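Q: I'd like to ask you about the structure that follows.
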Amino acid sequence: MQAFMTLRIALRALARNKLRAFLTMLGIIIGVGAVIAMVAIGEGAKSTIRAQIAALGTNVLIVLPGSNVQGGVRAGFGNVNTLLDSDGKAMARELPSVAFVSPVLRRQDQVVAGNLNWGTLAQGVAPEFQQIRDWQVAEGRFLHEGDMDSAAKVAVIGQTVARQLFGNDDALDAVIRIRNIPFRVVGVLGAKGQTGQGTDQDDTIMIPYTTMQKRLMRITWVQSIVVKAVSAERVEEAQEQISLLLRQRHRIGPEREDDFNVRNLSDIAEAATTTARVMAVLLGSVASISLLVGGIGIMNIMLVSVTERTREIGIRMAVGARSRDIMLQFLVEAVVMAATGGLIGILLGVGSSEVIKQWAQWPTLIDPAIIAIAFLFSGAVGVFFGFYPAKKAANLDPIDALRYE
Amino acid sequence: MSELIRVEDVHKTYRMGDVEVPALRGINLTIAQGEFVAVMGSSGSGKSTLMNILGCLDRPNTGKYFLEGHEVGSLKPDQWAYIRNKRIGFVFQGFNLLSRTTALENVELPMMYNGFAGQERHQRAIEVLALVGLDKRVDHTPNQLSGGQQQRVAIARALVNRPSLILADEPTGNLDSATSNEIMALFQQLNTGQGITIILVTHEADIAAYARRQIVFRDGLVISDRVSEQVIAKMEH
């Protein structure tokens, strides 16, 4: 029998019991709708979490020079002069996976303002450091490129330093001294709070890295370079590209070890992906349970339908329907119900996730793949739960079926 | 006239729990093409069992059934379905039409299982409905038709694949005598006009009188098989 005709017979049989067909489909509709909406909510949450983690710096890499070995004493990272400012500039210029690059030079210094002084962490950085750390400026401005070129004696101070040195007074344009070198305060950073390890991030001042190199440290190399990859997904790519680039620039032969070290904050990223995976498994199991319930509803109604239509089956067999024709007829009916339910469920799911987005201000994200999977899955439910009733119909004895009252 | 049906020593026993009920106990029968046969007998005489076997719905325990020279009693269910579709038309006592389905669609039903295209299927169904005098009621559903009209639709359905054999199981059992006569006249007309072989099960002698040959069953055996010279004349309608 032609496929089109089988479909038409199925549609007509369903049209005869519209309410019943709809109620049967309701299981699948709610199941698929719930899955779509839930996955949309979950995906929305996941992307929010990912954005927040990215703000913490999962896509930030830190490049350190290798450790120095002198007479068997292995000093820590950052104690050799192999890493140069030009390495950082090359990364920014040549690597597509890299978004921002800034050298970082740090030293603990005593900062003096008027009759007050405060020991804090002085950091020599480039303007890109602001983008890398997502650090807002509360007052004034951040360091800019001109400050770098001229090794300007300007500083941007953290909230804690501002409080300790200036109290409630305006810090902007004040002069502070580090090792007797005067710096003009051009900006006050926004509050960033403590790190996970309890370090106060606001207890710092930032000056141009060139100024740090020339005036405070009198060195030509850099202690470290921080790099922000274009996205969290491309961190590993950036890491590999940086390694390759630096090996090339530092002329490191194939057998020799790196004279630098690239690190990322992979622990946090890993935790994030684990969370996402747990979420996916959770939603997936809810999906299968709700669709399972819908499928059982279809099986139930198809069994009723087979019993009700025993005589029809007998008539069809008497006029020449083969077992497989009968089987196909009932199977198509079940699949049509499940697939139609799936389609309506998709609309319901997309609609309700839109409503949640609008009214509950919850970011939802609909992945087209989920829609496709939900639809295919509902079709598969139709086949799976329609099979037994269809088989039962196909195995009827025509004589008994014709005699059935 | 060539042989259409040959039944050789057919036995059929049903098992009801632990009891074996013999339904057919060695039937030998030959029916030629174009015959009009009435099978008579009280209930339990085995006539319905024979009809099921002739209709390729049931299998004899032993013995052989030849239809148009081919042994068909031992074929597979799908091959039986093909024979039922192509070679045999069924008419039942209770009409057995699909409810809430138009006369036209009911008649088209057998053609759905042998790959007729929509246009030709439609055409033939209308032709056959005209043959049974229902061309004005093709869009009526069974509950909009009288018993006699419903049986005509069933006959049209039986005819639509141009079978060589029509098996009618008490086709007038649910009809009043006037309508019964009309239906029997239609069978006669199909028999003489189209040359279709008709085997009719009935337990009413006046219905059997429309057939030229009458076979009587009792206790699973043929006890009488005679050809009557006087047949009720075809009624005009």
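In the structure tokens, the first chain shown is A, the next is B, and so on; residue numbers restart at 1 for each chain, and ligands run from 1 in the order shown.
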Excluding segment 140-156 of chain B and residues on its chain fewer than 6 positions from it, collect all residues at most 6 Å away from it, counting only C-alpha atoms, and give them as a list in words.
A: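 Final neighbour list, sorted by chain and number: Phe95, Arg100, Thr101, Thr102, Ala103, Val128, Leu129, Val132 and Thr179 of chain B.
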Q: Print the selection's residues with N, CA and C atoms to a file, as a compact mmCIF listing (two decimals), in the first residue's frame.
A:
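Output contents, as saved in result.txt:
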# COMPACT_ATOMS: atom_id res chain seq x y z
N PHE B 95 -23.11 -7.40 6.63
CA PHE B 95 -22.59 -6.42 5.65
C PHE B 95 -21.09 -6.13 5.82
N ARG B 100 -18.84 5.03 9.18
CA ARG B 100 -18.39 6.42 8.99
C ARG B 100 -17.47 6.57 7.78
N THR B 101 -17.67 5.68 6.82
CA THR B 101 -16.87 5.71 5.60
C THR B 101 -17.87 5.63 4.45
N THR B 102 -17.69 6.44 3.43
CA THR B 102 -18.70 6.49 2.37
C THR B 102 -18.73 5.18 1.58
N ALA B 103 -19.85 4.98 0.88
CA ALA B 103 -20.01 3.81 0.03
C ALA B 103 -18.84 3.70 -0.93
N VAL B 128 -18.70 -0.01 -10.45
CA VAL B 128 -19.27 -1.16 -9.77
C VAL B 128 -20.49 -0.76 -8.96
N LEU B 129 -20.44 0.45 -8.37
CA LEU B 129 -21.61 0.92 -7.63
C LEU B 129 -22.80 1.12 -8.58
N VAL B 132 -24.50 -2.22 -9.19
CA VAL B 132 -25.43 -2.69 -8.17
C VAL B 132 -26.55 -1.67 -7.92
N THR B 179 -36.46 -7.33 0.31
CA THR B 179 -35.09 -6.92 0.03
C THR B 179 -34.23 -8.15 -0.29
Q: For the structure I just gave you, how does DSSP split segment 89-299 of chain A - specifically, which residues are strand (DSSP E or B)? Reply as a PyMOL selection string.
A: chain A and resi 98-113+116-125+137-140+154-157+175-178+181-189+194+200+204-208+221+224-229+260-264
Q: List as a PyMOL selection string the protein and nucleic acid residues near segment 217-225 of chain A, meaning an atom at most 12 Å away when only C-alpha atoms are counted, but skip any in the same chain fewer than 5 places from it.
A: chain A and resi 60-67+76-92+100-109+122-126+128-129+132+178-179+209-212+242+246+260-263
Q: Applying 12 Å and only C-alpha atoms, which residues near Glu236 of chain A remain after dropping the ones on its own chain fewer than 5 positions away? List them as JSON, numbers by chain.
A: {"A": [58, 59, 60, 61, 97, 98, 228, 229, 230, 231, 241, 242, 243, 262, 263, 264, 265, 266, 269]}
Q: Could you work out which residues of chain B fall inside 10 Å of chain A? Count only C-alpha atoms, and format the result as a PyMOL selection string.
A: chain B and resi 52+55-58+77-90+92+94-101+109-118+157-158+161
Q: Selection from above, C-alpha atoms, as an mmCIF file, in the first residue's frame, can you write it?
A:
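After the write, again_36.cif holds the following:
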data_model
loop_
_atom_site.group_PDB
_atom_site.id
_atom_site.type_symbol
_atom_site.label_atom_id
_atom_site.label_comp_id
_atom_site.auth_asym_id
_atom_site.auth_seq_id
_atom_site.Cartn_x
_atom_site.Cartn_y
_atom_site.Cartn_z
ATOM 1 C CA ASN B 52 -13.677 -20.200 5.600
ATOM 2 C CA GLY B 55 -12.234 -18.154 1.304
ATOM 3 C CA CYS B 56 -8.583 -18.749 2.218
ATOM 4 C CA LEU B 57 -9.259 -17.671 5.776
ATOM 5 C CA ASP B 58 -8.719 -21.068 7.366
ATOM 6 C CA PRO B 77 -0.945 -15.921 5.029
ATOM 7 C CA ASP B 78 0.387 -13.189 2.730
ATOM 8 C CA GLN B 79 -0.301 -15.331 -0.333
ATOM 9 C CA TRP B 80 -3.795 -15.938 0.995
ATOM 10 C CA ALA B 81 -4.280 -12.202 1.416
ATOM 11 C CA TYR B 82 -3.305 -11.793 -2.232
ATOM 12 C CA ILE B 83 -5.802 -14.458 -3.346
ATOM 13 C CA ARG B 84 -8.580 -12.963 -1.205
ATOM 14 C CA ASN B 85 -7.818 -9.606 -2.746
ATOM 15 C CA LYS B 86 -7.654 -10.711 -6.378
ATOM 16 C CA ARG B 87 -9.718 -13.869 -6.777
ATOM 17 C CA ILE B 88 -12.401 -13.840 -4.080
ATOM 18 C CA GLY B 89 -15.115 -11.430 -3.049
ATOM 19 C CA PHE B 90 -16.817 -11.764 0.318
ATOM 20 C CA PHE B 92 -21.377 -11.238 4.836
ATOM 21 C CA GLY B 94 -23.813 -8.329 8.738
ATOM 22 C CA PHE B 95 -22.591 -6.417 5.647
ATOM 23 C CA ASN B 96 -19.264 -5.623 7.355
ATOM 24 C CA LEU B 97 -18.819 -2.194 5.879
ATOM 25 C CA LEU B 98 -16.468 0.317 7.473
ATOM 26 C CA SER B 99 -18.635 2.657 9.487
ATOM 27 C CA ARG B 100 -18.394 6.423 8.992
ATOM 28 C CA THR B 101 -16.871 5.713 5.597
ATOM 29 C CA LEU B 109 -10.981 -0.468 0.044
ATOM 30 C CA PRO B 110 -9.896 -3.727 -1.680
ATOM 31 C CA MET B 111 -8.092 -1.714 -4.362
ATOM 32 C CA MET B 112 -6.039 0.032 -1.688
ATOM 33 C CA TYR B 113 -4.216 -3.216 -1.132
ATOM 34 C CA ASN B 114 -3.195 -3.855 -4.702
ATOM 35 C CA GLY B 115 -1.679 -0.573 -5.749
ATOM 36 C CA PHE B 116 -4.355 0.973 -7.907
ATOM 37 C CA ALA B 117 -3.772 4.650 -8.558
ATOM 38 C CA GLY B 118 -6.347 7.035 -7.131
ATOM 39 C CA ARG B 157 -16.892 -4.122 -2.806
ATOM 40 C CA ALA B 158 -16.755 -7.872 -3.462
ATOM 41 C CA ASN B 161 -11.295 -6.419 -8.092
#
Q: Residues near Asp200 of chain A, anyone? I mean within 10 Å using only C-alpha atoms, not counting same-chain ones fewer than 5 positions away, as a list in words.
A: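 The residues that qualify are Gly158, Gln159, Thr160, Ala191, Lys192, Gly193, Gln194 and Thr195 of chain A.
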Q: List the spatial neighbours of segment 12-23 of chain B as a CSV table (one decimal) with C-alpha atoms, in the first residue's frame - criterion: any atom at most 7 Å away, only C-alpha atoms, same-chain residues fewer than 5 positions off excluded.
A:
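File produced: around-v7.csv:
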chain,number,residue,atom,x,y,z
B,46,GLY,CA,-19.7,-27.5,8.9
B,49,THR,CA,-16.0,-24.0,8.1
B,60,PRO,CA,-7.8,-27.7,6.5
B,61,ASN,CA,-6.2,-30.2,8.8
B,220,GLY,CA,-19.4,-32.3,8.6
Q: Report, in Å to a single decimal, how far apart atom CA of Val175 of chain A and atom CA of Ile157 of chain A are.
A: 11.4 Å
Q: Using only C-alpha atoms, which protein or nucleic acid residues come within 8 Å of segment 204-219 of chain B? Drop anything in the same chain fewer than 6 positions from it, and give the result as a list in words.
A: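 So the residues in contact are Ala23, Leu24, Arg25, Glu35, Phe36, Val37, Ala38, Val39, Met40, Gly41, Ser42, Gly44, Ser45, Gly46, Lys47, Ser180, Asn181, Met184, Ala185, Gln188, Asp225, Arg226, Val227, Ser228, Glu229, Gln230, Val231, Ile232 and Ala233 of chain B.
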Q: Given the selection you just returned, output its residues as a file containing C-alpha atoms, formatted as a short mmCIF file (atom, residue, chain, number, x, y, z; two decimals), in the first residue's frame.
A:
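The resulting file, out-v9.cif, is reproduced below:
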data_model
loop_
_atom_site.label_atom_id
_atom_site.label_comp_id
_atom_site.auth_asym_id
_atom_site.auth_seq_id
_atom_site.Cartn_x
_atom_site.Cartn_y
_atom_site.Cartn_z
CA ALA B 23 -16.33 -29.69 11.74
CA LEU B 24 -15.53 -31.28 8.39
CA ARG B 25 -15.08 -35.02 8.09
CA GLU B 35 -21.88 -22.05 -11.16
CA PHE B 36 -24.34 -20.67 -8.63
CA VAL B 37 -24.20 -22.92 -5.59
CA ALA B 38 -26.19 -22.78 -2.40
CA VAL B 39 -24.67 -24.49 0.62
CA MET B 40 -27.27 -25.44 3.17
CA GLY B 41 -27.33 -27.07 6.53
CA SER B 42 -28.17 -26.44 10.13
CA GLY B 44 -22.79 -26.73 13.24
CA SER B 45 -23.10 -28.74 10.06
CA GLY B 46 -19.70 -27.50 8.85
CA LYS B 47 -20.87 -25.18 6.10
CA SER B 180 -33.78 -10.49 0.18
CA ASN B 181 -35.37 -11.21 -3.15
CA MET B 184 -30.78 -12.63 -4.68
CA ALA B 185 -31.89 -11.28 -8.03
CA GLN B 188 -28.43 -14.11 -10.24
CA ASP B 225 -25.71 -32.39 -3.85
CA ARG B 226 -28.22 -31.79 -6.60
CA VAL B 227 -28.74 -29.54 -9.56
CA SER B 228 -32.26 -28.25 -9.87
CA GLU B 229 -33.72 -27.66 -13.24
CA GLN B 230 -36.18 -25.08 -12.03
CA VAL B 231 -34.63 -21.91 -10.71
CA ILE B 232 -36.56 -18.88 -9.51
CA ALA B 233 -36.69 -16.49 -12.39
#
